[in-house]
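Text of entry_0.cif, listed as mmCIF, C-alpha atoms:
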```cif
data_entry
#
loop_
_atom_site.label_atom_id
_atom_site.label_comp_id
_atom_site.auth_asym_id
_atom_site.auth_seq_id
_atom_site.Cartn_x
_atom_site.Cartn_y
_atom_site.Cartn_z
CA MET A 1 -50.36 20.58 76.95
CA ARG A 2 -50.33 24.33 76.53
CA ARG A 3 -46.54 24.34 75.99
CA THR A 4 -46.85 21.50 73.46
CA ALA A 5 -49.57 23.35 71.56
CA TRP A 6 -47.48 26.56 71.59
CA ILE A 7 -44.42 24.75 70.14
CA ALA A 8 -46.56 23.06 67.50
CA GLY A 9 -47.93 26.45 66.51
CA ILE A 10 -44.42 27.89 66.12
CA VAL A 11 -43.39 24.93 63.95
CA ALA A 12 -46.51 25.32 61.82
CA ILE A 13 -45.72 29.01 61.25
CA ALA A 14 -42.01 28.44 60.59
CA ALA A 15 -42.55 25.66 58.04
CA PRO A 16 -44.09 27.88 55.33
CA VAL A 17 -41.40 30.52 55.90
CA ALA A 18 -38.65 27.92 55.51
CA ALA A 19 -40.29 26.66 52.35
CA GLN A 20 -40.36 30.17 50.93
CA THR A 21 -36.66 30.79 51.65
CA ALA A 22 -35.38 27.40 50.45
CA PRO A 23 -32.98 27.68 47.49
CA PRO A 24 -34.53 27.00 44.09
CA PRO A 25 -33.96 23.53 42.65
CA VAL A 26 -30.96 23.10 40.39
CA PRO A 27 -32.13 22.91 36.76
CA PRO A 28 -30.67 19.98 34.83
CA LEU A 29 -27.77 20.99 32.63
CA GLY A 30 -29.72 19.76 29.61
CA ASP A 31 -32.40 22.40 30.19
CA LEU A 32 -29.96 25.17 29.24
CA PHE A 33 -27.13 23.47 27.35
CA ALA A 34 -26.69 20.80 24.69
CA PRO A 35 -23.43 18.96 23.94
CA VAL A 36 -21.68 20.22 20.82
CA THR A 37 -22.11 17.95 17.79
CA SER A 38 -20.20 17.70 14.53
CA ALA A 39 -22.96 19.60 12.73
CA PRO A 40 -22.09 23.21 11.83
CA ALA A 41 -23.48 25.88 14.12
CA ALA A 42 -24.56 29.37 13.18
CA PRO A 43 -25.68 32.38 15.21
CA ASP A 44 -29.35 32.32 16.12
CA ALA A 45 -31.96 34.42 14.34
CA ASP A 46 -30.91 37.48 16.37
CA GLY A 47 -27.21 36.89 15.76
CA PHE A 48 -26.29 35.64 19.23
CA LEU A 49 -23.37 33.22 19.48
CA ARG A 50 -24.41 30.07 21.31
CA ARG A 51 -21.55 27.58 20.71
CA TRP A 52 -18.82 27.89 23.34
CA LEU A 53 -15.96 26.23 25.13
CA ILE A 54 -16.43 27.03 28.82
CA LEU A 55 -13.88 26.38 31.55
CA GLU A 56 -15.06 25.31 34.97
CA ALA A 57 -14.96 28.31 37.27
CA VAL A 58 -11.65 29.57 38.61
CA ALA A 59 -11.84 30.56 42.28
CA LYS A 60 -11.56 34.34 42.77
CA PRO A 61 -13.16 35.14 46.13
CA ASN A 62 -14.97 38.48 46.23
CA PRO A 63 -17.60 39.21 48.90
CA THR A 64 -19.10 41.99 46.79
CA ASN A 65 -19.27 43.03 43.14
CA ALA A 66 -18.56 46.62 44.16
CA VAL A 67 -14.82 45.97 43.79
CA PHE A 68 -15.10 45.44 40.03
CA THR A 69 -13.60 48.77 39.02
CA GLY A 70 -11.81 49.14 35.71
CA THR A 71 -8.39 48.76 37.34
CA TYR A 72 -9.41 45.66 39.29
CA VAL A 73 -11.07 43.93 36.33
CA ARG A 74 -8.17 44.65 33.95
CA GLN A 75 -5.77 43.11 36.45
CA ALA A 76 -7.96 40.11 37.30
CA LEU A 77 -8.94 39.30 33.70
CA SER A 78 -5.97 39.44 31.35
CA PRO A 79 -3.78 37.20 29.20
CA ASP A 80 -1.46 36.98 32.23
CA THR A 81 -4.21 35.44 34.38
CA TYR A 82 -5.54 33.15 31.63
CA PRO A 83 -5.35 29.50 32.79
CA GLY A 84 -3.31 28.06 29.96
CA ARG A 85 -1.33 29.18 26.93
CA TRP A 86 -2.96 32.30 25.52
CA ALA A 87 -1.86 31.56 21.95
CA VAL A 88 -3.27 28.02 21.96
CA LEU A 89 -6.95 27.22 21.52
CA PRO A 90 -8.21 24.92 24.29
CA ARG A 91 -10.08 21.75 23.43
CA GLU A 92 -13.05 19.93 24.93
CA GLY A 93 -12.05 17.67 27.79
CA GLN A 94 -8.72 19.40 28.34
CA THR A 95 -7.74 19.80 31.99
CA VAL A 96 -5.79 22.77 33.34
CA ARG A 97 -4.33 23.39 36.79
CA VAL A 98 -4.95 26.68 38.59
CA GLY A 99 -3.34 26.57 42.01
CA ASP A 100 -4.83 23.53 43.72
CA GLN A 101 -7.76 23.38 41.29
CA SER A 102 -8.04 20.93 38.41
CA LEU A 103 -10.48 22.44 35.88
CA LEU A 104 -12.08 20.99 32.76
CA TRP A 105 -13.03 22.64 29.48
CA HIS A 106 -16.58 21.83 28.30
CA ALA A 107 -18.03 22.32 24.80
CA TYR A 108 -21.72 23.29 24.80
CA ASP A 109 -24.38 24.95 22.72
CA SER A 110 -26.52 27.27 24.81
CA ARG A 111 -30.22 26.57 24.28
CA ILE A 112 -31.06 30.24 24.88
CA TRP A 113 -29.56 33.51 23.72
CA ASP A 114 -27.78 34.32 26.98
CA VAL A 115 -25.28 31.78 28.32
CA LYS A 116 -26.16 30.90 31.91
CA LEU A 117 -22.76 30.50 33.56
CA PHE A 118 -24.18 30.34 37.09
CA HIS A 119 -26.44 27.43 36.17
CA PHE A 120 -23.63 25.77 34.19
CA ALA A 121 -21.52 25.69 37.36
CA GLN A 122 -24.42 24.82 39.63
CA SER A 123 -25.53 21.88 37.48
CA LEU A 124 -22.00 20.47 37.53
CA GLY A 125 -21.76 20.87 41.29
CA LYS A 126 -18.97 23.45 40.90
CA PRO A 127 -18.41 26.77 42.72
CA ARG A 128 -20.55 29.58 41.35
CA TYR A 129 -19.81 32.52 43.68
CA GLY A 130 -16.49 34.35 43.83
CA VAL A 131 -15.30 32.92 40.53
CA VAL A 132 -14.03 33.70 37.04
CA PHE A 133 -15.41 31.95 33.96
CA TRP A 134 -13.24 31.77 30.81
CA THR A 135 -14.89 31.02 27.49
CA THR A 136 -13.93 30.91 23.83
CA THR A 137 -15.35 30.16 20.40
CA VAL A 138 -14.12 30.08 16.81
CA VAL A 139 -16.04 32.38 14.48
CA THR A 140 -15.58 31.67 10.77
CA SER A 141 -16.59 34.37 8.30
CA PRO A 142 -17.04 33.62 4.56
CA ARG A 143 -15.48 36.99 3.74
CA GLU A 144 -13.68 39.88 5.37
CA ARG A 145 -16.12 42.11 7.24
CA ARG A 146 -15.09 45.62 8.18
CA ASN A 147 -16.83 48.07 10.51
CA VAL A 148 -18.57 45.42 12.58
CA ARG A 149 -18.90 45.70 16.35
CA LEU A 150 -18.97 43.16 19.12
CA ALA A 151 -22.12 43.69 21.22
CA VAL A 152 -21.81 42.31 24.75
CA GLY A 153 -23.91 42.02 27.86
CA SER A 154 -22.71 40.29 31.03
CA ASN A 155 -23.44 39.72 34.69
CA SER A 156 -21.15 40.75 36.28
CA ALA A 157 -18.00 42.39 34.82
CA SER A 158 -16.24 40.91 31.79
CA ARG A 159 -13.53 41.40 29.17
CA TRP A 160 -13.43 40.23 25.54
CA TRP A 161 -10.68 39.63 22.97
CA LEU A 162 -10.91 39.05 19.23
CA ASN A 163 -7.88 37.47 17.58
CA GLY A 164 -5.83 38.37 20.64
CA ALA A 165 -6.82 42.06 20.76
CA ASN A 166 -8.91 43.42 23.63
CA VAL A 167 -12.10 44.78 22.04
CA ALA A 168 -14.68 45.21 24.85
CA ASP A 169 -14.66 45.68 28.63
CA LEU A 170 -17.59 45.79 31.04
CA TYR A 171 -16.84 47.05 34.55
CA ASP A 172 -18.63 47.49 37.87
CA ASP A 173 -21.52 45.57 39.40
CA ARG A 174 -23.93 45.14 36.50
CA ARG A 175 -26.84 43.03 35.36
CA MET A 176 -26.92 41.22 32.03
CA VAL A 177 -28.39 43.62 29.46
CA MET A 178 -28.48 42.80 25.77
CA ASP A 179 -25.92 44.85 23.77
CA ASP A 180 -24.91 46.67 26.95
CA VAL A 181 -21.50 47.58 25.49
CA LEU A 182 -20.45 47.92 21.85
CA SER A 183 -16.84 47.60 20.81
CA ASP A 184 -15.16 50.09 18.52
CA ARG A 185 -15.44 49.23 14.84
CA LEU A 186 -13.39 46.17 14.03
CA THR A 187 -12.70 43.70 11.24
CA LEU A 188 -13.66 40.06 11.07
CA ARG A 189 -11.11 38.23 8.98
CA GLN A 190 -12.13 35.97 6.16
CA GLY A 191 -11.90 32.51 7.68
CA ARG A 192 -11.25 31.77 11.34
CA ASN A 193 -11.45 34.34 14.15
CA ILE A 194 -10.83 33.47 17.80
CA LEU A 195 -13.15 35.14 20.32
CA ARG A 196 -12.29 34.86 24.02
CA GLY A 197 -14.12 36.16 27.05
CA ALA A 198 -13.76 36.21 30.82
CA VAL A 199 -16.63 36.91 33.22
CA ILE A 200 -16.02 37.60 36.92
CA ASN A 201 -18.66 37.10 39.60
CA GLY A 202 -18.87 37.70 43.33
CA PRO A 203 -22.29 36.96 44.85
CA GLY A 204 -25.32 36.62 42.60
CA LEU A 205 -26.01 35.23 39.16
CA SER A 206 -23.62 35.16 36.22
CA ASP A 207 -24.30 35.01 32.47
CA PHE A 208 -23.40 36.69 29.18
CA ALA A 209 -24.69 37.30 25.67
CA VAL A 210 -22.53 38.15 22.64
CA ARG A 211 -23.19 38.91 19.00
CA PHE A 212 -21.66 40.85 16.11
CA VAL A 213 -23.57 43.71 14.54
CA ASP A 214 -22.84 45.46 11.25
CA ALA A 215 -22.35 49.17 10.55
CA ASP A 216 -26.14 49.63 10.60
CA GLY A 217 -26.52 47.84 13.94
CA LYS A 218 -28.07 44.73 12.36
CA PRO A 219 -26.98 41.29 13.59
CA VAL A 220 -24.38 39.43 11.55
CA ARG A 221 -25.74 35.94 10.94
CA ASP A 222 -23.77 34.42 8.05
CA LEU A 223 -21.06 33.05 10.33
CA THR A 224 -20.07 29.56 11.39
CA LEU A 225 -19.22 28.69 14.98
CA ALA A 226 -16.92 25.94 16.17
CA VAL A 227 -14.87 24.94 19.20
CA GLN A 228 -11.80 23.74 17.26
#
```

Turn the structure described in the file into C-alpha coordinates.
Amino acid sequence: MRRTAWIAGIVAIAAPVAAQTAPPPVPPLGDLFAPVTSAPAAPDADGFLRRWLILEAVAKPNPTNAVFTGTYVRQALSPDTYPGRWAVLPREGQTVRVGDQSLLWHAYDSRIWDVKLFHFAQSLGKPRYGVVFWTTTVVTSPRERRNVRLAVGSNSASRWWLNGANVADLYDDRRMVMDDVLSDRLTLRQGRNILRGAVINGPGLSDFAVRFVDADGKPVRDLTLAVQ
(Lines of atoms letter the chains of each structure in order from A and count residues from 1; the text may use other names and numbers.)
(Lines give C-alpha, C1' and ligand atoms only; values in the text may rest on other atoms or scores of the structure.)
Protein backbone atom coordinates (compact mmCIF):
# COMPACT_ATOMS: atom_id res chain seq x y z
CA MET A 1 0.00 0.00 0.00
CA ARG A 2 2.81 2.37 0.86
CA ARG A 3 4.54 1.68 -2.48
CA THR A 4 1.25 2.21 -4.34
CA ALA A 5 0.66 5.51 -2.57
CA TRP A 6 4.24 6.62 -3.31
CA ILE A 7 3.85 5.87 -7.05
CA ALA A 8 0.51 7.65 -7.14
CA GLY A 9 2.12 10.68 -5.55
CA ILE A 10 4.90 10.74 -8.17
CA VAL A 11 2.32 10.53 -10.97
CA ALA A 12 0.29 13.33 -9.41
CA ILE A 13 3.39 15.55 -9.26
CA ALA A 14 4.58 14.67 -12.77
CA ALA A 15 1.22 15.31 -14.44
CA PRO A 16 1.22 19.11 -13.91
CA VAL A 17 4.86 19.30 -15.03
CA ALA A 18 4.07 17.38 -18.22
CA ALA A 19 1.12 19.66 -18.87
CA GLN A 20 3.34 22.70 -18.50
CA THR A 21 5.95 21.39 -20.95
CA ALA A 22 3.51 20.10 -23.59
CA PRO A 23 3.89 21.87 -26.96
CA PRO A 24 1.37 24.63 -27.63
CA PRO A 25 -1.59 23.70 -29.83
CA VAL A 26 -1.21 24.36 -33.54
CA PRO A 27 -3.24 27.45 -34.49
CA PRO A 28 -5.49 26.94 -37.51
CA LEU A 29 -4.01 28.36 -40.68
CA GLY A 30 -7.04 30.63 -40.99
CA ASP A 31 -6.11 32.41 -37.75
CA LEU A 32 -3.04 33.94 -39.40
CA PHE A 33 -3.61 33.66 -43.15
CA ALA A 34 -6.44 34.17 -45.64
CA PRO A 35 -6.50 32.80 -49.19
CA VAL A 36 -5.74 35.41 -51.83
CA THR A 37 -8.81 36.69 -53.68
CA SER A 38 -9.20 38.54 -56.96
CA ALA A 39 -9.75 41.80 -55.08
CA PRO A 40 -6.79 44.22 -55.19
CA ALA A 41 -4.58 44.28 -52.12
CA ALA A 42 -2.72 47.25 -50.70
CA PRO A 43 -0.19 47.62 -47.88
CA ASP A 44 -1.78 47.96 -44.46
CA ALA A 45 -2.08 51.27 -42.63
CA ASP A 46 1.58 51.04 -41.56
CA GLY A 47 2.77 50.10 -45.04
CA PHE A 48 3.49 46.42 -44.39
CA LEU A 49 3.15 44.05 -47.33
CA ARG A 50 0.81 41.20 -46.49
CA ARG A 51 0.08 39.47 -49.84
CA TRP A 52 2.64 36.77 -50.63
CA LEU A 53 3.41 33.62 -52.52
CA ILE A 54 5.12 31.30 -50.03
CA LEU A 55 6.87 28.05 -50.91
CA GLU A 56 6.64 25.13 -48.53
CA ALA A 57 9.87 24.93 -46.56
CA VAL A 58 13.02 23.59 -48.20
CA ALA A 59 15.00 21.30 -45.90
CA LYS A 60 18.29 22.90 -44.77
CA PRO A 61 19.30 21.17 -41.53
CA ASN A 62 21.05 23.44 -39.04
CA PRO A 63 21.24 22.51 -35.34
CA THR A 64 21.91 26.14 -34.38
CA ASN A 65 21.35 29.61 -35.79
CA ALA A 66 24.90 30.56 -34.80
CA VAL A 67 26.14 29.39 -38.21
CA PHE A 68 24.25 32.14 -40.04
CA THR A 69 27.26 34.31 -40.80
CA GLY A 70 27.28 36.58 -43.82
CA THR A 71 29.29 34.08 -45.87
CA TYR A 72 27.03 31.16 -44.97
CA VAL A 73 23.79 33.04 -45.63
CA ARG A 74 24.97 34.44 -48.98
CA GLN A 75 25.86 30.93 -50.11
CA ALA A 76 22.70 29.28 -48.78
CA LEU A 77 20.29 31.95 -50.04
CA SER A 78 21.07 32.99 -53.60
CA PRO A 79 19.65 32.82 -57.13
CA ASP A 80 21.73 29.63 -57.53
CA THR A 81 19.88 27.91 -54.66
CA TYR A 82 16.43 29.22 -55.65
CA PRO A 83 14.08 26.26 -56.28
CA GLY A 84 12.97 27.10 -59.79
CA ARG A 85 13.78 29.50 -62.61
CA TRP A 86 14.91 32.79 -61.08
CA ALA A 87 13.61 34.86 -64.00
CA VAL A 88 10.12 33.34 -63.89
CA LEU A 89 7.47 34.34 -61.37
CA PRO A 90 6.01 31.28 -59.61
CA ARG A 91 2.27 30.78 -59.46
CA GLU A 92 -0.13 29.49 -56.83
CA GLY A 93 -0.39 25.72 -56.85
CA GLN A 94 2.86 25.24 -58.76
CA THR A 95 4.96 22.31 -57.58
CA VAL A 96 8.76 22.29 -57.61
CA ARG A 97 11.22 19.50 -56.87
CA VAL A 98 14.13 20.05 -54.49
CA GLY A 99 16.07 16.83 -54.08
CA ASP A 100 13.54 14.28 -52.91
CA GLN A 101 11.08 16.96 -51.80
CA SER A 102 7.98 17.98 -53.75
CA LEU A 103 7.03 21.50 -52.62
CA LEU A 104 3.97 23.63 -53.33
CA TRP A 105 3.62 27.39 -53.74
CA HIS A 106 0.77 28.92 -51.69
CA ALA A 107 -0.82 32.36 -52.15
CA TYR A 108 -1.92 33.98 -48.88
CA ASP A 109 -2.71 37.30 -47.29
CA SER A 110 -1.22 37.55 -43.82
CA ARG A 111 -3.83 38.68 -41.30
CA ILE A 112 -1.16 40.45 -39.23
CA TRP A 113 1.75 42.70 -40.08
CA ASP A 114 4.45 40.05 -39.64
CA VAL A 115 4.20 36.89 -41.72
CA LYS A 116 4.34 33.85 -39.44
CA LEU A 117 6.32 31.33 -41.48
CA PHE A 118 6.74 28.89 -38.58
CA HIS A 119 2.98 28.69 -38.08
CA PHE A 120 2.40 28.52 -41.84
CA ALA A 121 4.53 25.37 -41.97
CA GLN A 122 3.18 23.96 -38.71
CA SER A 123 -0.45 24.38 -39.77
CA LEU A 124 0.24 22.52 -43.02
CA GLY A 125 2.02 19.72 -41.18
CA LYS A 126 5.31 20.61 -42.90
CA PRO A 127 8.86 20.83 -41.46
CA ARG A 128 9.50 24.07 -39.59
CA TYR A 129 13.01 23.63 -38.15
CA GLY A 130 16.18 23.52 -40.23
CA VAL A 131 14.49 24.98 -43.28
CA VAL A 132 14.50 27.77 -45.86
CA PHE A 133 11.33 29.65 -46.82
CA TRP A 134 11.16 31.38 -50.22
CA THR A 135 8.56 34.07 -50.79
CA THR A 136 7.66 36.59 -53.46
CA THR A 137 5.13 39.29 -54.27
CA VAL A 138 4.41 41.71 -57.11
CA VAL A 139 4.43 45.36 -56.07
CA THR A 140 2.78 47.74 -58.53
CA SER A 141 3.51 51.45 -58.17
CA PRO A 142 1.37 54.11 -59.92
CA ARG A 143 4.51 56.14 -60.62
CA GLU A 144 8.27 55.89 -60.40
CA ARG A 145 9.45 56.36 -56.83
CA ARG A 146 13.07 57.24 -56.16
CA ASN A 147 14.94 57.25 -52.85
CA VAL A 148 12.72 54.70 -51.16
CA ARG A 149 14.11 51.99 -48.90
CA LEU A 150 13.07 48.45 -48.18
CA ALA A 151 12.63 48.02 -44.41
CA VAL A 152 12.95 44.41 -43.27
CA GLY A 153 12.77 42.42 -40.08
CA SER A 154 13.14 38.64 -39.94
CA ASN A 155 13.63 35.67 -37.67
CA SER A 156 16.17 34.31 -38.41
CA ALA A 157 18.53 35.42 -41.23
CA SER A 158 17.18 36.48 -44.62
CA ARG A 159 18.01 38.00 -48.01
CA TRP A 160 15.85 40.18 -50.27
CA TRP A 161 15.85 41.06 -53.98
CA LEU A 162 13.95 43.75 -55.86
CA ASN A 163 13.65 43.29 -59.62
CA GLY A 164 16.48 40.78 -59.46
CA ALA A 165 18.93 42.99 -57.52
CA ASN A 166 19.96 42.09 -53.97
CA VAL A 167 18.85 45.02 -51.79
CA ALA A 168 18.88 43.80 -48.15
CA ASP A 169 20.61 41.09 -46.12
CA LEU A 170 20.06 40.12 -42.48
CA TYR A 171 22.68 37.83 -40.94
CA ASP A 172 23.30 35.99 -37.67
CA ASP A 173 20.88 34.60 -35.12
CA ARG A 174 18.29 37.35 -34.76
CA ARG A 175 14.75 37.95 -33.60
CA MET A 176 12.11 39.60 -35.75
CA VAL A 177 12.34 43.36 -35.16
CA MET A 178 10.33 45.84 -37.21
CA ASP A 179 12.53 47.77 -39.70
CA ASP A 180 15.60 45.97 -38.37
CA VAL A 181 17.53 46.60 -41.61
CA LEU A 182 17.03 49.34 -44.21
CA SER A 183 18.23 48.92 -47.76
CA ASP A 184 20.22 51.57 -49.55
CA ARG A 185 18.10 54.08 -51.44
CA LEU A 186 16.44 52.44 -54.40
CA THR A 187 13.86 53.08 -57.11
CA LEU A 188 10.45 51.51 -57.47
CA ARG A 189 9.56 51.41 -61.14
CA GLN A 190 6.26 52.69 -62.41
CA GLY A 191 4.20 49.55 -62.83
CA ARG A 192 5.25 46.07 -61.71
CA ASN A 193 8.17 45.33 -59.38
CA ILE A 194 9.09 41.80 -58.28
CA LEU A 195 10.14 41.43 -54.64
CA ARG A 196 11.66 38.11 -53.53
CA GLY A 197 12.83 36.98 -50.13
CA ALA A 198 14.40 33.94 -48.50
CA VAL A 199 14.35 33.28 -44.75
CA ILE A 200 16.51 30.57 -43.17
CA ASN A 201 15.74 28.98 -39.82
CA GLY A 202 17.43 26.44 -37.58
CA PRO A 203 15.65 25.85 -34.25
CA GLY A 204 13.06 28.33 -33.03
CA LEU A 205 10.40 30.47 -34.63
CA SER A 206 10.50 32.04 -38.07
CA ASP A 207 8.70 35.10 -39.47
CA PHE A 208 9.31 38.33 -41.38
CA ALA A 209 7.89 41.81 -41.94
CA VAL A 210 8.57 44.01 -44.97
CA ARG A 211 7.54 47.48 -46.06
CA PHE A 212 8.82 50.35 -48.20
CA VAL A 213 9.54 53.71 -46.61
CA ASP A 214 10.11 57.02 -48.36
CA ALA A 215 13.03 59.45 -48.03
CA ASP A 216 11.49 60.77 -44.80
CA GLY A 217 11.08 57.29 -43.32
CA LYS A 218 7.29 57.29 -43.77
CA PRO A 219 5.57 54.13 -45.04
CA VAL A 220 4.70 53.95 -48.72
CA ARG A 221 1.05 52.93 -48.96
CA ASP A 222 -0.17 53.80 -52.46
CA LEU A 223 0.93 50.46 -53.90
CA THR A 224 -0.93 47.43 -55.19
CA LEU A 225 0.09 43.89 -54.30
CA ALA A 226 -0.48 40.78 -56.38
CA VAL A 227 0.85 37.25 -56.79
CA GLN A 228 0.77 37.22 -60.62

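The interatomic distance for the pair CA of Phe118 (chain A) and CA of Asn166 (chain A) works out to 24.2 Å.
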
Using all atoms listed in the file, find each residue of region 44-157 of chain A with at least one atom at most 6 Å away from an atom of region 203-224 of chain A; report its shortest atom-to-atom pair and that distance in Å (one decimal), sort the rows by chain and rising residue number, and return the result as a tab-separated table.
```
residue	atom	partner	partner_atom	distance
A:Gly47	CA	A:Pro219	CA	4.9
A:Phe48	CA	A:Arg211	CA	4.5
A:Leu49	CA	A:Arg211	CA	5.7
A:Asp114	CA	A:Ala209	CA	4.5
A:Val115	CA	A:Phe208	CA	5.3
A:Lys116	CA	A:Asp207	CA	4.5
A:Leu117	CA	A:Asp207	CA	4.9
A:Phe118	CA	A:Ser206	CA	4.9
A:Tyr129	CA	A:Pro203	CA	5.2
A:Val139	CA	A:Thr224	CA	5.8
A:Thr140	CA	A:Thr224	CA	5.0
A:Ser141	CA	A:Leu223	CA	5.1
A:Asn147	CA	A:Ala215	CA	5.6
A:Val148	CA	A:Asp214	CA	4.5
A:Arg149	CA	A:Val213	CA	5.4
A:Leu150	CA	A:Phe212	CA	4.7
A:Ala151	CA	A:Arg211	CA	5.4
A:Val152	CA	A:Val210	CA	4.7
A:Gly153	CA	A:Ala209	CA	5.3
A:Ser154	CA	A:Phe208	CA	4.1
A:Asn155	CA	A:Ser206	CA	4.8
```

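Candidate residues A:Ile194, A:Ala165, A:Leu77, A:Val138 were compared for distance to Ala41 (chain A), and the nearest is A:Val138, using only C-alpha atoms.
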
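Ranking A:Ser123, A:Arg85, A:Ala59, A:Arg74 by their shortest atom-to-atom distance to Ala168 (chain A), with all atoms listed in the file included, puts A:Arg74 first.
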
Written as an MDAnalysis selection string, which residues does the PyMOL selection byres ((chain A and resi 88-105) around 8) give for the file shown?
-> chainID A and resid 53:58 83:87 106:107 227:228

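Relative to CA of Pro127 (chain A), CA of Asn65 (chain A) is found at 16.3 Å.
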
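With all atoms listed in the file as the atoms that count, the residue of A:Lys126, A:Ser156, A:Gly70, A:Ala39 with the shortest distance to Met176 (chain A) is A:Ser156.
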
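Atom pair CA of Ala198 (chain A) / CA of Gly125 (chain A): separated by 20.2 Å.
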
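The nearest approach to Asp184 (chain A) among the residues A:Asp80, A:Asp169, A:Glu144, A:Asp44, with all atoms listed in the file taken into account, belongs to A:Asp169.
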